[in-house]
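Novice: First the structure, then my questions, so here it is.
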Amino acid sequence: MGTVPIYRFPLLVLGFVSLAAGIAGGLARLAPELPAPAGAIAMHGALMVSAFFGTVIGLERAVALGRAWAYGAPLAAGLGGVLLLLQQVVPGLALLVIASVLFLAASLAICARQRSLETATLAAGAAAWLVGNVLFAAALPGTYWWIAFFALTIGGERLELSRYLKRPGWARHAFALLAVALLVAPLAPRALGTVLLLMALWLFQFDLARVTVRQRGLTRYVAVCLLAGYVWLGFGGAGLMLEFAADATLHALFVGFVFSMVFGHAPVILPAVLRVKLPYHPVLYAPLALLHASLFVRVFVSVPLGAWGNAAAIALFIATAATLALSRASSARPTR
């Protein structure tokens, strides 16, 4: 599939350092006897959202733009996560803000290159991430803006990938209204919950996944990931509306919605970013099932037990994807 630029791998490594530390920090919050860096415990949310996902999504956006300066976003996000782990909070948070500024600039450049509702939505998501990072750096609540960042980013990508699906004329206008609402709704959590619930309903009705779920193989797997994620998006939105338990609501969104999207889009993202083929195998359903089953346990039965299941699901997915990719690369290597 061609030679991947060597600098992309170190950027991903930086991101995965934050992922591992963020998961360990989250578990240590529930089990104080668990050894974990103090920075990982204190900065669990920032490590997961801005350091890990900022690196991964920033790298994807930089590849799409094709400009060297855009790689500054994932680099700053990854290094910011490392500094947070080292308890260098002020420079770490400053780097996360810089990362989001560069990410917004890259998103606006893509929007200027191809003006559309899809690219404008992605740029709006970048703006939400910047607001969230600035607020968090100022010791103010930034979580709701991070939620808007994910909803806009994933919504914009799904709108783009489903662009050839026939929809009634009003559907696109409805999506645009929801996207605009997501830029102001974080100011009022219950309003944000309403918009997220409406976005989940829109995606259920108008995403291509409702068609492709009836197919087979990788296509069905991706659709199952997406539709399951939309369930948690709707649940999380309802949780914000009804002021349900914070842990259940936030992890329904950040784990159930976001990581389900990661599991589903990995077979598409890896070839684009690393030029690594991730072949489909039914074993991919194992971490997906564990993710959603453990999240159900976390929300309705036991937070600690469900949290360990969430961590295990993410680790199992990484191990499964790496095994499949390496086996594909080994089988594709010419024999002498």
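Every chain in the structure tokens takes a letter, A first, then B, and so on in the order presented; its residues are numbered from 1, and the ligands are numbered from 1 following the presented order.
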Please report, as an MDAnalysis selection string, each residue of stretch 205-252 of chain A to which DSSP assigns helix (DSSP H, G or I) when run on this structure's backbone.
Specialist: chainID A and resid 205:206 209:212 217:242 246:252
Novice: What lies within 12 Å of A:Leu197 using only C-alpha atoms, ignoring chain neighbours under 6 positions off, as a PyMOL selection string?
Specialist: chain A and resi 151+178+182+190-191+203-204+230-242+253
Novice: Find the residues around A:Leu75 up to 8 Å (only C-alpha atoms counted), leave out those fewer than 6 positions away in its own chain, and share them as a list of chain:residue names.
Specialist: A:Leu11, A:Thr55, A:Ala99
Novice: Can you pull out the residues contacting A:Ile41? Cut-off 8 Å, using only C-alpha atoms, and skip same-chain residues under 5 positions away; I want them as an mmCIF file with N, CA, C and O atoms, in the first residue's frame.
Specialist:
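Result written to out.cif:
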```cif
data_model
loop_
_atom_site.group_PDB
_atom_site.id
_atom_site.type_symbol
_atom_site.label_atom_id
_atom_site.label_comp_id
_atom_site.auth_asym_id
_atom_site.auth_seq_id
_atom_site.Cartn_x
_atom_site.Cartn_y
_atom_site.Cartn_z
ATOM 1 N N GLY A 22 -4.335 7.171 30.641
ATOM 2 C CA GLY A 22 -5.676 7.644 30.965
ATOM 3 C C GLY A 22 -6.560 6.532 31.497
ATOM 4 O O GLY A 22 -7.324 6.718 32.450
ATOM 5 N N ALA A 24 -5.466 3.748 32.979
ATOM 6 C CA ALA A 24 -4.941 3.403 34.307
ATOM 7 C C ALA A 24 -5.382 4.423 35.355
ATOM 8 O O ALA A 24 -5.764 4.059 36.480
ATOM 9 N N GLY A 25 -5.356 5.700 34.969
ATOM 10 C CA GLY A 25 -5.782 6.739 35.907
ATOM 11 C C GLY A 25 -7.252 6.633 36.251
ATOM 12 O O GLY A 25 -7.654 6.833 37.406
ATOM 13 N N GLY A 26 -8.066 6.306 35.256
ATOM 14 C CA GLY A 26 -9.490 6.146 35.517
ATOM 15 C C GLY A 26 -9.774 4.983 36.445
ATOM 16 O O GLY A 26 -10.614 5.079 37.352
ATOM 17 N N ALA A 28 -7.679 3.748 38.621
ATOM 18 C CA ALA A 28 -7.145 4.080 39.941
ATOM 19 C C ALA A 28 -8.081 4.991 40.720
ATOM 20 O O ALA A 28 -8.087 4.980 41.961
ATOM 21 N N ARG A 29 -8.877 5.768 40.025
ATOM 22 C CA ARG A 29 -9.870 6.586 40.727
ATOM 23 C C ARG A 29 -10.898 5.715 41.437
ATOM 24 O O ARG A 29 -11.431 6.095 42.477
ATOM 25 N N ALA A 36 -0.752 3.836 39.852
ATOM 26 C CA ALA A 36 -0.903 4.629 38.627
ATOM 27 C C ALA A 36 -0.258 5.978 38.864
ATOM 28 O O ALA A 36 -0.263 6.485 39.995
#
```
Novice: At most 10 Å is the cut-off: for each residue in stretch 119-156 of chain A with any atom that close to an atom of stretch 258-270 of chain A, write down the nearest atom pair and the distance in Å rounded to one decimal, counting only C-alpha atoms, chain first then increasing number, as CSV.
Specialist:
```
residue,atom,partner,partner_atom,distance
A:Ile147,CA,A:Val258,CA,9.5
A:Phe150,CA,A:Val258,CA,7.2
A:Ala151,CA,A:Val258,CA,8.7
A:Ile154,CA,A:Met261,CA,7.8
```
